[in-house]
Amino acid sequence: MDEGIKIKTVEMHTGGEPLRIVESGLPEIKGATILEKRKYAKEHLDHIRKVLMREPRGHLDMYGTYLVEPDLPEADLAVLFTHNEGYSTMCGHATIALGRYAVDKGLVKDVSPPEVEVKIQAPPGLLRVWTKVNEKGRSGSVRFHSIPSFAAATDVKVNVPNNGEVTLDVGFGGTFYAVVPASRFELDLDTSPVHDLIKVGMTVRKAVSEQVKVKHPDFPELEFIYGTILTDGSDQYSDKPTKNVCIFADNQVDRSPTGSGVIARIALQHHKGLIKLNQVRCFTSIIGSVFTGMAVEKTKCGDNPAVVVEVSGTAYYTGSSTFTVEAGDELAEGFLPRM
């Protein structure tokens, strides 16, 4: 571990889910494409991810992002996403926060009200993001359009340890999620202990990873089950909110409604004929924070019928930090206590 590390960050949250944006102090992240940069960070700079995500500088549920050079000429910025286990491919709550950050840091040229467009390159593609701006130049709520998202598998039967055969869906919203009602495991998103939700979510993720092969027509690097979304079972279109929780990475719990999870759920609901284009749905998290989502366009992802989904939410600044590593610190790379 290099004791000369000095990393400066801006701290934000979207719907309660943290985002640690690294502004300076990272070594060069090499690669001609964003997926090559993601691979390089995993293979050569993972010690820095551990420093920033783990205790004592972070915590089990910390989330972060690195700003890197885009390889798409139209992109205003490009990002890699980090968490306690590694590097995700897509993150909606981070995209919402970065929409504000890009405007406030002058990463886009035209910041005329009422709305500024920001183009963010993420590992699965280019995200179009719109940030509200008032007459004084203050940024506000954010909406963004997903890459083409689709139902990867519906009503698939999976053998889940201690639960028998479980019928669930798999949706792609920039990453692949197993989606299943919490009630299937006799759990309730309002009353069940979070520990019980985590245990089931991780068990389902492992079972689906072993028994369901997911395919992406363009990016084989994305062909893995990222997490489990436990829902309240409300998939039919309604003007009433639907609640869900995402369990991902290493027992990590999303405090927000999960932007990429909202995309996956909307893609599944549209595929099943439960929601039409431009019907807005409200999604709430286990702490009560809110995102909205709607399918805005039919498209294709390879041969898969797909939709573009618009997700909306608001992020807030919580501070800034400077992190260092001191010589002789045996816990320099941090730790994650088992809960």
# chains A, B, ... in the order shown; residues from 1 in each chain; ligands from 1
>>> select_by_dssp(residues="segment 12-221 of chain A", states="alpha helix (DSSP H)", output="number ranges by chain")
A: 34-44, 46-53, 92-104, 194-211
>>> write_last_selection(atoms="N, CA and C atoms", output="short mmCIF file (atom, residue, chain, number, x, y, z; two decimals), in the first residue's frame")
data_model
loop_
_atom_site.label_atom_id
_atom_site.label_comp_id
_atom_site.auth_asym_id
_atom_site.auth_seq_id
_atom_site.Cartn_x
_atom_site.Cartn_y
_atom_site.Cartn_z
N ILE A 34 -14.12 2.39 -22.02
CA ILE A 34 -14.52 2.43 -20.62
C ILE A 34 -14.50 1.05 -19.98
N LEU A 35 -14.81 0.00 -20.75
CA LEU A 35 -14.75 -1.35 -20.20
C LEU A 35 -13.32 -1.78 -19.95
N GLU A 36 -12.38 -1.31 -20.78
CA GLU A 36 -10.96 -1.58 -20.52
C GLU A 36 -10.50 -0.84 -19.27
N LYS A 37 -11.00 0.37 -19.06
CA LYS A 37 -10.66 1.12 -17.84
C LYS A 37 -11.22 0.41 -16.61
N ARG A 38 -12.44 -0.09 -16.72
CA ARG A 38 -13.03 -0.84 -15.61
C ARG A 38 -12.17 -2.06 -15.28
N LYS A 39 -11.72 -2.78 -16.29
CA LYS A 39 -10.87 -3.95 -16.09
C LYS A 39 -9.53 -3.55 -15.47
N TYR A 40 -8.95 -2.45 -15.93
CA TYR A 40 -7.68 -1.98 -15.38
C TYR A 40 -7.82 -1.61 -13.90
N ALA A 41 -8.91 -0.90 -13.56
CA ALA A 41 -9.13 -0.53 -12.16
C ALA A 41 -9.25 -1.77 -11.28
N LYS A 42 -9.96 -2.79 -11.77
CA LYS A 42 -10.13 -4.03 -11.01
C LYS A 42 -8.79 -4.73 -10.78
N GLU A 43 -7.94 -4.72 -11.80
CA GLU A 43 -6.71 -5.50 -11.74
C GLU A 43 -5.54 -4.77 -11.11
N HIS A 44 -5.54 -3.42 -11.16
CA HIS A 44 -4.37 -2.68 -10.73
C HIS A 44 -4.62 -1.66 -9.62
N ASP A 46 -7.35 -1.88 -7.23
CA ASP A 46 -8.41 -2.29 -6.31
C ASP A 46 -8.11 -1.91 -4.87
N HIS A 47 -6.83 -1.73 -4.55
CA HIS A 47 -6.49 -1.31 -3.18
C HIS A 47 -7.08 0.07 -2.87
N ILE A 48 -7.23 0.91 -3.88
CA ILE A 48 -7.81 2.23 -3.65
C ILE A 48 -9.31 2.12 -3.41
N ARG A 49 -9.96 1.26 -4.19
CA ARG A 49 -11.39 1.01 -3.92
C ARG A 49 -11.59 0.57 -2.48
N LYS A 50 -10.75 -0.32 -2.00
CA LYS A 50 -10.88 -0.82 -0.62
C LYS A 50 -10.67 0.31 0.39
N VAL A 51 -9.69 1.17 0.12
CA VAL A 51 -9.44 2.32 1.01
C VAL A 51 -10.70 3.18 1.14
N LEU A 52 -11.38 3.43 0.02
CA LEU A 52 -12.49 4.37 0.00
C LEU A 52 -13.83 3.77 0.40
N MET A 53 -14.03 2.48 0.12
CA MET A 53 -15.33 1.87 0.37
C MET A 53 -15.43 1.25 1.76
N GLY A 92 -28.19 3.98 -11.11
CA GLY A 92 -29.13 5.07 -11.31
C GLY A 92 -29.00 6.17 -10.28
N HIS A 93 -28.84 5.80 -9.01
CA HIS A 93 -28.75 6.85 -7.98
C HIS A 93 -27.50 7.69 -8.20
N ALA A 94 -26.40 7.05 -8.64
CA ALA A 94 -25.17 7.79 -8.92
C ALA A 94 -25.36 8.69 -10.14
N THR A 95 -26.07 8.22 -11.15
CA THR A 95 -26.33 9.02 -12.34
C THR A 95 -27.09 10.29 -11.99
N ILE A 96 -28.07 10.16 -11.11
CA ILE A 96 -28.83 11.34 -10.67
C ILE A 96 -27.92 12.33 -9.95
N ALA A 97 -27.09 11.84 -9.05
CA ALA A 97 -26.16 12.72 -8.34
C ALA A 97 -25.16 13.37 -9.30
N LEU A 98 -24.65 12.59 -10.24
CA LEU A 98 -23.67 13.11 -11.19
C LEU A 98 -24.28 14.14 -12.13
N GLY A 99 -25.60 14.06 -12.36
CA GLY A 99 -26.27 15.09 -13.15
C GLY A 99 -26.14 16.46 -12.52
N ARG A 100 -26.32 16.52 -11.20
CA ARG A 100 -26.13 17.79 -10.48
C ARG A 100 -24.66 18.17 -10.46
N TYR A 101 -23.82 17.21 -10.11
CA TYR A 101 -22.39 17.48 -9.97
C TYR A 101 -21.80 18.05 -11.26
N ALA A 102 -22.15 17.46 -12.41
CA ALA A 102 -21.60 17.91 -13.68
C ALA A 102 -21.97 19.35 -13.98
N VAL A 103 -23.21 19.73 -13.65
CA VAL A 103 -23.65 21.11 -13.86
C VAL A 103 -22.92 22.06 -12.91
N ASP A 104 -22.85 21.69 -11.64
CA ASP A 104 -22.26 22.56 -10.64
C ASP A 104 -20.75 22.73 -10.80
N VAL A 194 -34.05 -6.03 8.34
CA VAL A 194 -33.21 -5.91 7.15
C VAL A 194 -32.29 -7.12 7.01
N HIS A 195 -31.83 -7.66 8.12
CA HIS A 195 -30.97 -8.84 8.07
C HIS A 195 -31.64 -9.98 7.33
N ASP A 196 -32.94 -10.16 7.55
CA ASP A 196 -33.66 -11.24 6.88
C ASP A 196 -33.79 -10.97 5.38
N LEU A 197 -33.97 -9.71 5.01
CA LEU A 197 -34.04 -9.34 3.59
C LEU A 197 -32.70 -9.60 2.91
N ILE A 198 -31.61 -9.26 3.60
CA ILE A 198 -30.28 -9.48 3.05
C ILE A 198 -30.03 -10.97 2.83
N LYS A 199 -30.35 -11.78 3.82
CA LYS A 199 -30.09 -13.22 3.73
C LYS A 199 -30.82 -13.84 2.53
N VAL A 200 -32.09 -13.50 2.37
CA VAL A 200 -32.85 -14.03 1.25
C VAL A 200 -32.33 -13.47 -0.07
N GLY A 201 -32.05 -12.17 -0.11
CA GLY A 201 -31.57 -11.55 -1.34
C GLY A 201 -30.28 -12.18 -1.85
N MET A 202 -29.35 -12.44 -0.94
CA MET A 202 -28.08 -13.04 -1.34
C MET A 202 -28.27 -14.50 -1.75
N THR A 203 -29.17 -15.21 -1.08
CA THR A 203 -29.43 -16.61 -1.43
C THR A 203 -30.05 -16.71 -2.82
N VAL A 204 -30.99 -15.81 -3.11
CA VAL A 204 -31.63 -15.80 -4.42
C VAL A 204 -30.61 -15.45 -5.50
N ARG A 205 -29.80 -14.45 -5.25
CA ARG A 205 -28.78 -14.06 -6.23
C ARG A 205 -27.88 -15.24 -6.59
N LYS A 206 -27.42 -15.95 -5.59
CA LYS A 206 -26.53 -17.09 -5.82
C LYS A 206 -27.24 -18.18 -6.62
N ALA A 207 -28.50 -18.47 -6.25
CA ALA A 207 -29.25 -19.53 -6.92
C ALA A 207 -29.50 -19.16 -8.39
N VAL A 208 -29.89 -17.92 -8.64
CA VAL A 208 -30.15 -17.50 -10.02
C VAL A 208 -28.85 -17.49 -10.83
N SER A 209 -27.76 -17.05 -10.22
CA SER A 209 -26.47 -17.04 -10.91
C SER A 209 -26.07 -18.44 -11.37
N GLU A 210 -26.40 -19.43 -10.55
CA GLU A 210 -26.02 -20.81 -10.86
C GLU A 210 -26.97 -21.49 -11.84
N GLN A 211 -28.24 -21.04 -11.87
CA GLN A 211 -29.25 -21.78 -12.62
C GLN A 211 -29.80 -21.06 -13.85
#
>>> residues_around(residues="segment 124-133 of chain A", least_positions_apart="5", cutoff="9 Å", atoms="only C-alpha atoms", output="PyMOL selection string")
chain A and resi 34-35+72+74-75+78+89-90+95-96+99-100+103+111-119+138-147+174-175+218-219+222
>>> residues_around(residues="Cys301 of chain A", least_positions_apart="3", cutoff="6 Å", atoms="only C-alpha atoms", output="PyMOL selection string")
chain A and resi 148+304+306
>>> write_last_selection(atoms="N, CA and C atoms", output="PDB file, in the first residue's frame")
ATOM      1  N   PRO A 148     -31.023   0.837 -23.738  1.00  0.00           N
ATOM      2  CA  PRO A 148     -32.086  -0.146 -23.977  1.00  0.00           C
ATOM      3  C   PRO A 148     -32.087  -1.253 -22.922  1.00  0.00           C
ATOM      4  N   ASN A 304     -33.594  -8.643 -28.657  1.00  0.00           N
ATOM      5  CA  ASN A 304     -34.535  -8.515 -27.553  1.00  0.00           C
ATOM      6  C   ASN A 304     -35.410  -7.273 -27.701  1.00  0.00           C
ATOM      7  N   ALA A 306     -37.019  -4.185 -26.318  1.00  0.00           N
ATOM      8  CA  ALA A 306     -36.507  -3.425 -25.177  1.00  0.00           C
ATOM      9  C   ALA A 306     -37.226  -2.089 -25.081  1.00  0.00           C
TER      10      ALA A 306
END
>>> residues_around(residues="Tyr63 of chain A", least_positions_apart="2", cutoff="6 Å", atoms="only C-alpha atoms", output="ChimeraX atom specification")
/A:18-19,82-83
>>> residues_around(residues="Glu28 of chain A", least_positions_apart="2", cutoff="9 Å", atoms="only C-alpha atoms", output="PyMOL selection string")
chain A and resi 26+30+68
>>> write_last_selection(atoms="C-alpha atoms", output="CSV table (one decimal), in the first residue's frame")
chain,number,residue,atom,x,y,z
A,26,LEU,CA,-6.3,8.6,-8.4
A,30,LYS,CA,-5.5,3.1,-18.4
A,68,VAL,CA,-12.5,8.9,-16.2
>>> closest_residue(among="A:Glu135, A:Glu297, A:Glu69, A:Asp232", to="Ser183 of chain A", atoms="only C-alpha atoms")
A:Asp232
>>> select_by_dssp(residues="segment 91-186 of chain A", states="strand (DSSP E)", output="ChimeraX atom specification")
/A:115-122,125-133,139-145,150-160,164-172,176-181
>>> write_last_selection(atoms="N, CA and C atoms", output="compact mmCIF listing (two decimals), in the first residue's frame")
# COMPACT_ATOMS: atom_id res chain seq x y z
N GLU A 115 -33.48 23.58 -17.86
CA GLU A 115 -32.97 22.22 -17.80
C GLU A 115 -31.69 22.12 -18.62
N VAL A 116 -30.70 21.44 -18.06
CA VAL A 116 -29.40 21.27 -18.72
C VAL A 116 -29.22 19.80 -19.06
N GLU A 117 -28.84 19.53 -20.31
CA GLU A 117 -28.57 18.15 -20.69
C GLU A 117 -27.11 17.80 -20.43
N VAL A 118 -26.90 16.65 -19.80
CA VAL A 118 -25.57 16.12 -19.52
C VAL A 118 -25.50 14.73 -20.14
N LYS A 119 -24.41 14.45 -20.85
CA LYS A 119 -24.23 13.13 -21.45
C LYS A 119 -23.14 12.40 -20.67
N ILE A 120 -23.54 11.29 -20.02
CA ILE A 120 -22.63 10.54 -19.16
C ILE A 120 -22.40 9.16 -19.76
N GLN A 121 -21.13 8.83 -19.98
CA GLN A 121 -20.80 7.49 -20.45
C GLN A 121 -20.59 6.58 -19.26
N ALA A 122 -21.40 5.52 -19.17
CA ALA A 122 -21.26 4.48 -18.16
C ALA A 122 -20.82 3.19 -18.86
N GLY A 125 -23.06 2.01 -21.74
CA GLY A 125 -23.43 2.90 -22.83
C GLY A 125 -23.59 4.34 -22.38
N LEU A 126 -24.11 5.18 -23.30
CA LEU A 126 -24.28 6.60 -23.05
C LEU A 126 -25.63 6.88 -22.41
N LEU A 127 -25.62 7.63 -21.32
CA LEU A 127 -26.83 8.02 -20.61
C LEU A 127 -27.10 9.50 -20.86
N ARG A 128 -28.32 9.79 -21.29
CA ARG A 128 -28.74 11.18 -21.45
C ARG A 128 -29.43 11.62 -20.15
N VAL A 129 -28.92 12.71 -19.59
CA VAL A 129 -29.33 13.16 -18.26
C VAL A 129 -29.75 14.62 -18.37
N TRP A 130 -30.85 14.98 -17.69
CA TRP A 130 -31.31 16.36 -17.69
C TRP A 130 -31.43 16.85 -16.24
N THR A 131 -30.76 17.96 -15.96
CA THR A 131 -30.74 18.53 -14.62
C THR A 131 -31.49 19.86 -14.62
N LYS A 132 -32.44 19.99 -13.72
CA LYS A 132 -33.15 21.26 -13.61
C LYS A 132 -32.22 22.33 -13.03
N VAL A 133 -32.32 23.53 -13.60
CA VAL A 133 -31.51 24.66 -13.14
C VAL A 133 -32.42 25.89 -13.05
N SER A 139 -28.68 24.02 -9.31
CA SER A 139 -29.16 22.75 -9.86
C SER A 139 -30.19 22.13 -8.92
N GLY A 140 -31.04 21.26 -9.48
CA GLY A 140 -32.09 20.64 -8.68
C GLY A 140 -32.32 19.19 -9.06
N SER A 141 -33.56 18.81 -9.27
CA SER A 141 -33.90 17.43 -9.55
C SER A 141 -33.34 17.00 -10.92
N VAL A 142 -33.24 15.70 -11.10
CA VAL A 142 -32.59 15.14 -12.29
C VAL A 142 -33.46 14.02 -12.85
N ARG A 143 -33.49 13.93 -14.18
CA ARG A 143 -34.09 12.78 -14.84
C ARG A 143 -33.08 12.26 -15.86
N PHE A 144 -33.13 10.97 -16.13
CA PHE A 144 -32.23 10.43 -17.14
C PHE A 144 -32.91 9.31 -17.91
N HIS A 145 -32.41 9.07 -19.12
CA HIS A 145 -32.90 7.99 -19.96
C HIS A 145 -31.90 6.84 -19.94
N PHE A 150 -34.39 -4.58 -20.92
CA PHE A 150 -35.28 -5.64 -21.40
C PHE A 150 -35.52 -6.71 -20.34
N ALA A 151 -36.56 -7.50 -20.60
CA ALA A 151 -36.86 -8.68 -19.78
C ALA A 151 -35.96 -9.81 -20.25
N ALA A 152 -35.06 -10.26 -19.38
CA ALA A 152 -34.14 -11.34 -19.75
C ALA A 152 -34.78 -12.71 -19.57
N ALA A 153 -35.64 -12.84 -18.56
CA ALA A 153 -36.36 -14.11 -18.31
C ALA A 153 -37.57 -13.79 -17.46
N THR A 154 -38.72 -14.37 -17.79
CA THR A 154 -39.92 -14.14 -17.01
C THR A 154 -40.50 -15.46 -16.54
N ASP A 155 -41.02 -15.43 -15.33
CA ASP A 155 -41.67 -16.61 -14.73
C ASP A 155 -40.76 -17.84 -14.80
N VAL A 156 -39.47 -17.62 -14.57
CA VAL A 156 -38.51 -18.72 -14.57
C VAL A 156 -38.51 -19.37 -13.19
N LYS A 157 -38.39 -20.68 -13.15
CA LYS A 157 -38.41 -21.42 -11.88
C LYS A 157 -36.98 -21.73 -11.45
N VAL A 158 -36.67 -21.35 -10.21
CA VAL A 158 -35.33 -21.51 -9.65
C VAL A 158 -35.45 -22.21 -8.31
N ASN A 159 -34.59 -23.19 -8.07
CA ASN A 159 -34.55 -23.85 -6.77
C ASN A 159 -33.70 -23.03 -5.82
N VAL A 160 -34.36 -22.47 -4.80
CA VAL A 160 -33.70 -21.61 -3.82
C VAL A 160 -33.56 -22.38 -2.51
N GLY A 164 -37.40 -24.03 -1.66
CA GLY A 164 -37.96 -24.82 -2.74
C GLY A 164 -37.93 -24.10 -4.07
N GLU A 165 -38.88 -24.46 -4.93
CA GLU A 165 -38.94 -23.87 -6.27
C GLU A 165 -39.62 -22.51 -6.21
N VAL A 166 -38.92 -21.49 -6.69
CA VAL A 166 -39.40 -20.12 -6.65
C VAL A 166 -39.52 -19.60 -8.08
N THR A 167 -40.67 -18.99 -8.40
CA THR A 167 -40.88 -18.38 -9.70
C THR A 167 -40.52 -16.90 -9.63
N LEU A 168 -39.66 -16.46 -10.52
CA LEU A 168 -39.20 -15.08 -10.48
C LEU A 168 -38.88 -14.60 -11.89
N ASP A 169 -38.54 -13.32 -11.99
CA ASP A 169 -38.16 -12.70 -13.26
C ASP A 169 -36.72 -12.23 -13.19
N VAL A 170 -36.10 -12.07 -14.36
CA VAL A 170 -34.78 -11.46 -14.46
C VAL A 170 -34.88 -10.31 -15.44
N GLY A 171 -34.53 -9.11 -15.00
CA GLY A 171 -34.59 -7.94 -15.85
C GLY A 171 -33.24 -7.28 -16.00
N PHE A 172 -33.02 -6.65 -17.16
CA PHE A 172 -31.78 -5.91 -17.41
C PHE A 172 -32.08 -4.42 -17.41
N PHE A 176 -28.01 -6.94 -14.64
CA PHE A 176 -29.07 -7.93 -14.51
C PHE A 176 -29.49 -8.11 -13.04
N TYR A 177 -30.83 -8.13 -12.83
CA TYR A 177 -31.40 -8.32 -11.50
C TYR A 177 -32.38 -9.49 -11.50
N ALA A 178 -32.35 -10.26 -10.42
CA ALA A 178 -33.44 -11.18 -10.13
C ALA A 178 -34.51 -10.39 -9.39
N VAL A 179 -35.76 -10.51 -9.82
CA VAL A 179 -36.85 -9.71 -9.26
C VAL A 179 -37.94 -10.66 -8.77
N VAL A 180 -38.30 -10.53 -7.48
CA VAL A 180 -39.26 -11.46 -6.89
C VAL A 180 -39.96 -10.79 -5.70
N PRO A 181 -41.25 -11.05 -5.48
CA PRO A 181 -41.93 -10.48 -4.32
C PRO A 181 -41.35 -11.01 -3.01
>>> residues_around(residues="Ser238 of chain A", least_positions_apart="3", cutoff="10 Å", atoms="only C-alpha atoms", output="list in words")
Ser234, Asp235, Pro241, Thr242, Leu274, Ile275, Gln279, Val280, Arg281 and Cys282 of chain A
>>> atom_distance(atom1="atom CA of Ile225 of chain A", atom2="atom CA of Asn251 of chain A")
13.9 Å
>>> atom_distance(atom1="atom CA of Gly64 of chain A", atom2="atom CA of Lys109 of chain A")
25.0 Å
